[in-house]
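Okay, so here's the structure we're looking at.
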Amino acid sequence: MTVKKLVKTIFMTEILKGMALTLKMMFTHAVTRQYPKEKHPAMPGFRGLHALTRNAETGEARCVGCGLCAAVCPSQCIKIYTADSPDHKKIVERYEIEVLRCVYCGFCVEACPYAAVALTEHYEYSDYTREAFYMTKDKLLSNYDKYMGREKDQEYFARFWHPTSDDYRTPEDQPVFRGRNPQ
Amino acid sequence: MNLLEQIFGPGSLDLLLTMALMLLKIVVVIGALMLHVTYATYFERKTIGHMQVTMGPMTTGWHGLLQPIADFIKLFFKEDIIPAEADKPVFFVAPIIAVFAAMASIAVIPFFDGFVIANINIGLLFILAMSSLGSYGVIMGGWAANSKYSFLGGLRSSAQVVSYEISMGLSLVGIMMLSGSLNVTEIVKAQEPYPFHMFLFSFPNFPQVIAFFVFIVSAFAETNRTPFDLPEAESELVAGYFTEYSGMRFGLFFVAEYIGMIIMACIATTCFLGGWSAPIPIPFVPPLFWFIIKVYFIIFLYYWIRATVPRYRYDHLMSLGWKVLIPLALANIIITGIVKVIL
């Protein structure tokens, strides 16, 4: 044992160094976030509570009932029931998500060609019953109204999810058949 | 007045007055002590929290100030669970012994000149005796619950307390030699001639720095505080000797631990740091203030060490006690004696 080491052992320099550090830390600001009082804003692209987006013009749900989201869902928590309307259009009768089974992977949003399903930034939705977490079409649409909003919706899809239908849209300058009465 | 003396004989009035005064002193001291115990827990959580860059209790009252009271109410109304296989009389009496032994020591501590419940001539010996009596509560509590964790905790605690009591007693011998008394008030008064009125810097006699170090380390071990909290090592023994205790019985052990801490801080203050005497003369500052400041500093040291130093291994703990602290304390006695004889 060298003299230096002996001196270090006798005067416990390492413990004193540690004590200096803890004392210094006592006068720094705490890193605690006092959760219910101060909430951290969700980061952009946060995957929270589900919502069905509305069509900007009609105000109806954008969902066409193709079933891609239900097919891609790894926890199989999306159920879609479609029906035939009197004027022979396909209508989405029921669109249900069992939130308690969802793993928040976001595959449904990615798979949707029309950006019809979204994960909002809302994350405080604990409840006492399981029924509260069984999202019907109405509930999902009201989620959209409460937590998504139109501007937020636009930004959200443009930046993070980018509906696949955008990729395959015909360029505006390409001459194609655009229906009987193109605008 | 005369009637009293006629019935109980002459001098009975004086006796009655003395008893009333004594009772008043006890009430004041115990009240202050219990208040300190409750807020010592709060202060500990706050200090350690801030040292770990977190906040400690924040929700109950302003900055969590009512937290200790909430804790007390919770402990008081909690269900008192007694294990079916427990040795019941011993189980009941163990926490009472622990608290009693811890509280009795406060009787001989002088808070300022003349304010001491019992000014007895064997004050230091009384404190040492009471602190060893406290370990009976721990051992009995560990034995009575009939649980392996409590039992191991109790055994560890007894071994630890027995080892460290020797070094603690020996570290105080230097103080006894310098002051020539075991009376705690006399010890404080004997520190007057030295710099800062402390035995810690007792020039030209041998300064009691080594003794202070040995005393502080032994006091940590004696009160089962980190880094020597092996009797209640959470990772191995759940909660040590009071694993099976709940509700107010657990609370009593808890109170005993904190009173023990405060007592040790009081002894360190009176024996090494000069008690109520002011190290720097500032006018209009009462002596009680100096005493309390010194005690708070030692208590803060407890928390500071707890936030810094990890728990010792059991064999290291024993070898530190027997191979380092006791020889150091003995060396301190010899050197102090030689220097005192030469002077």
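By convention in this document, the chains of the structure tokens carry letters A, B, ... by their order, each chain's residues are numbered from 1, and ligands are numbered from 1 in the order they are shown.
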
As number ranges by chain, please: every residue in range 9-248 of chain B that a backbone DSSP assignment puts in alpha helix (DSSP H).
B: 12-51, 67-77, 88-104, 123-144, 148-179, 184-190, 209-222, 234-237, 247-248

At a cut-off of 12 Å, which residues of chain A touch chain B? Count only C-alpha atoms and give the answer as a PyMOL selection string.
chain A and resi 9-12+14-37

Can you build me a table of range 30-90 of chain A residues sitting at most 9 Å from range 122-132 of chain A, with the closest atom pair per residue and its distance in Å to one decimal, using only C-alpha atoms, sorted by chain and residue number, as CSV?
residue,atom,partner,partner_atom,distance
A:Ala42,CA,A:His122,CA,7.8
A:Phe46,CA,A:His122,CA,8.6
A:Arg47,CA,A:His122,CA,8.4
A:Gly48,CA,A:Tyr123,CA,5.2
A:Leu49,CA,A:His122,CA,5.6
A:His50,CA,A:His122,CA,8.8

Only N, CA and C atoms, please: the residues just picked out, written as a PDB file, in the first residue's frame.
ATOM      1  N   ALA A  42     -48.380  15.937 -25.107  1.00  0.00           N
ATOM      2  CA  ALA A  42     -48.012  14.759 -25.891  1.00  0.00           C
ATOM      3  C   ALA A  42     -47.115  15.197 -27.046  1.00  0.00           C
ATOM      4  N   PHE A  46     -47.878  11.246 -31.207  1.00  0.00           N
ATOM      5  CA  PHE A  46     -48.147  10.353 -30.066  1.00  0.00           C
ATOM      6  C   PHE A  46     -49.327   9.440 -30.386  1.00  0.00           C
ATOM      7  N   ARG A  47     -49.247   8.179 -29.956  1.00  0.00           N
ATOM      8  CA  ARG A  47     -50.314   7.228 -30.261  1.00  0.00           C
ATOM      9  C   ARG A  47     -51.173   7.034 -29.025  1.00  0.00           C
ATOM     10  N   GLY A  48     -52.267   7.774 -28.951  1.00  0.00           N
ATOM     11  CA  GLY A  48     -53.153   7.701 -27.790  1.00  0.00           C
ATOM     12  C   GLY A  48     -54.471   7.064 -28.130  1.00  0.00           C
ATOM     13  N   LEU A  49     -55.559   7.670 -27.641  1.00  0.00           N
ATOM     14  CA  LEU A  49     -56.896   7.111 -27.823  1.00  0.00           C
ATOM     15  C   LEU A  49     -57.306   7.156 -29.299  1.00  0.00           C
ATOM     16  N   HIS A  50     -58.072   6.138 -29.710  1.00  0.00           N
ATOM     17  CA  HIS A  50     -58.477   5.994 -31.112  1.00  0.00           C
ATOM     18  C   HIS A  50     -59.577   6.968 -31.484  1.00  0.00           C
TER      19      HIS A  50
END

If I take CA of Ile122 in chain B and CA of Leu182 in chain B, how far is one from the other in Å, to one decimal?
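That distance, rounded to one decimal, is 5.1 Å.
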
Measure the distance from CA of Glu79 in chain B to CA of Val238 in chain B in Å and round it to one decimal.
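That distance, rounded to one decimal, is 19.4 Å.
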
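For Val99 in chain B, the set of protein, DNA and RNA residues having any atom at most 9 Å away, when counting only C-alpha atoms and skipping those fewer than 5 positions along the same chain, is Ala94, Ala104, Gly134, Gly137, Leu252, Phe253, Phe254, Val255, Ala256, Glu257, Ile259 and Gly260 of chain B.
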
Generate a file of the selected residues that holds C-alpha atoms, formatted as a PDB file, in the first residue's frame.
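Output below, filename selection-v1.pdb:
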ATOM      1  CA  ALA B  94     -40.993  -5.539  22.862  1.00  0.00           C
ATOM      2  CA  ALA B 104     -35.465   7.419  29.228  1.00  0.00           C
ATOM      3  CA  GLY B 134     -33.036  -0.667  23.772  1.00  0.00           C
ATOM      4  CA  GLY B 137     -36.692  -4.539  22.541  1.00  0.00           C
ATOM      5  CA  LEU B 252     -43.563   2.489  18.292  1.00  0.00           C
ATOM      6  CA  PHE B 253     -40.451   0.794  16.864  1.00  0.00           C
ATOM      7  CA  PHE B 254     -40.267   3.546  14.307  1.00  0.00           C
ATOM      8  CA  VAL B 255     -40.522   6.225  16.993  1.00  0.00           C
ATOM      9  CA  ALA B 256     -37.872   4.410  19.055  1.00  0.00           C
ATOM     10  CA  GLU B 257     -35.485   4.449  16.104  1.00  0.00           C
ATOM     11  CA  ILE B 259     -35.675   8.986  19.264  1.00  0.00           C
ATOM     12  CA  GLY B 260     -32.469   6.933  19.326  1.00  0.00           C
TER      13      GLY B 260
END

Extract the full set of strand (DSSP E or B) residues from range 51-181 of chain A according to DSSP on the backbone, and format it as number ranges by chain.
A: 51-52, 54, 61, 78-84, 90-98, 117-119, 134-135

Nearest residue to Leu68 in chain A from the set A:Phe157, A:Tyr147, A:Tyr168, A:Tyr114 (distances using only C-alpha atoms)
A:Tyr114

Can you tell me, as a PyMOL selection string, what residues are no more than 10 Å from range 134-140 of chain A when counting only C-alpha atoms, ignoring any on the same chain fewer than 4 positions away?
chain A and resi 49-53+61+77-80+92-101+117-118+129-130+144-146

Selection above as a file: C-alpha atoms, as a PDB file, in the first residue's frame:
ATOM      1  CA  LEU A  49     -56.896   7.111 -27.823  1.00  0.00           C
ATOM      2  CA  HIS A  50     -58.477   5.994 -31.112  1.00  0.00           C
ATOM      3  CA  ALA A  51     -60.733   8.128 -33.263  1.00  0.00           C
ATOM      4  CA  LEU A  52     -62.584   7.865 -36.564  1.00  0.00           C
ATOM      5  CA  THR A  53     -61.871  10.927 -38.672  1.00  0.00           C
ATOM      6  CA  ALA A  61     -66.878   9.220 -41.193  1.00  0.00           C
ATOM      7  CA  CYS A  77     -59.387  -5.692 -31.689  1.00  0.00           C
ATOM      8  CA  ILE A  78     -61.146  -3.979 -34.606  1.00  0.00           C
ATOM      9  CA  LYS A  79     -64.542  -5.254 -35.711  1.00  0.00           C
ATOM     10  CA  ILE A  80     -66.266  -3.890 -38.844  1.00  0.00           C
ATOM     11  CA  VAL A  92     -70.363   0.921 -42.412  1.00  0.00           C
ATOM     12  CA  GLU A  93     -72.968  -0.216 -39.956  1.00  0.00           C
ATOM     13  CA  ARG A  94     -70.720  -0.792 -36.985  1.00  0.00           C
ATOM     14  CA  TYR A  95     -67.068   0.048 -36.433  1.00  0.00           C
ATOM     15  CA  GLU A  96     -65.845  -1.094 -33.033  1.00  0.00           C
ATOM     16  CA  ILE A  97     -62.473  -1.051 -31.309  1.00  0.00           C
ATOM     17  CA  GLU A  98     -61.783  -2.882 -28.085  1.00  0.00           C
ATOM     18  CA  VAL A  99     -59.297  -0.408 -26.592  1.00  0.00           C
ATOM     19  CA  LEU A 100     -58.208  -2.700 -23.768  1.00  0.00           C
ATOM     20  CA  ARG A 101     -56.830  -5.202 -26.296  1.00  0.00           C
ATOM     21  CA  VAL A 117     -58.763   5.957 -38.377  1.00  0.00           C
ATOM     22  CA  ALA A 118     -56.411   7.943 -36.178  1.00  0.00           C
ATOM     23  CA  THR A 129     -65.729  -0.318 -16.212  1.00  0.00           C
ATOM     24  CA  ARG A 130     -64.662  -2.373 -19.213  1.00  0.00           C
ATOM     25  CA  TYR A 144     -62.310  12.849 -33.162  1.00  0.00           C
ATOM     26  CA  ASP A 145     -64.355  15.944 -32.408  1.00  0.00           C
ATOM     27  CA  LYS A 146     -62.918  16.243 -28.903  1.00  0.00           C
TER      28      LYS A 146
END

Identify which of the residues A:Ala115, A:Cys102, A:Val64, A:Val7 lies closest to Ala158 in chain A, counting only C-alpha atoms when measuring atom-to-atom distances.
A:Ala115

May I ask which of the residues B:Ser12, B:Ser319, B:Asn183, B:Thr243 is the closest one to Lys148 in chain B, counting only C-alpha atoms?
B:Thr243
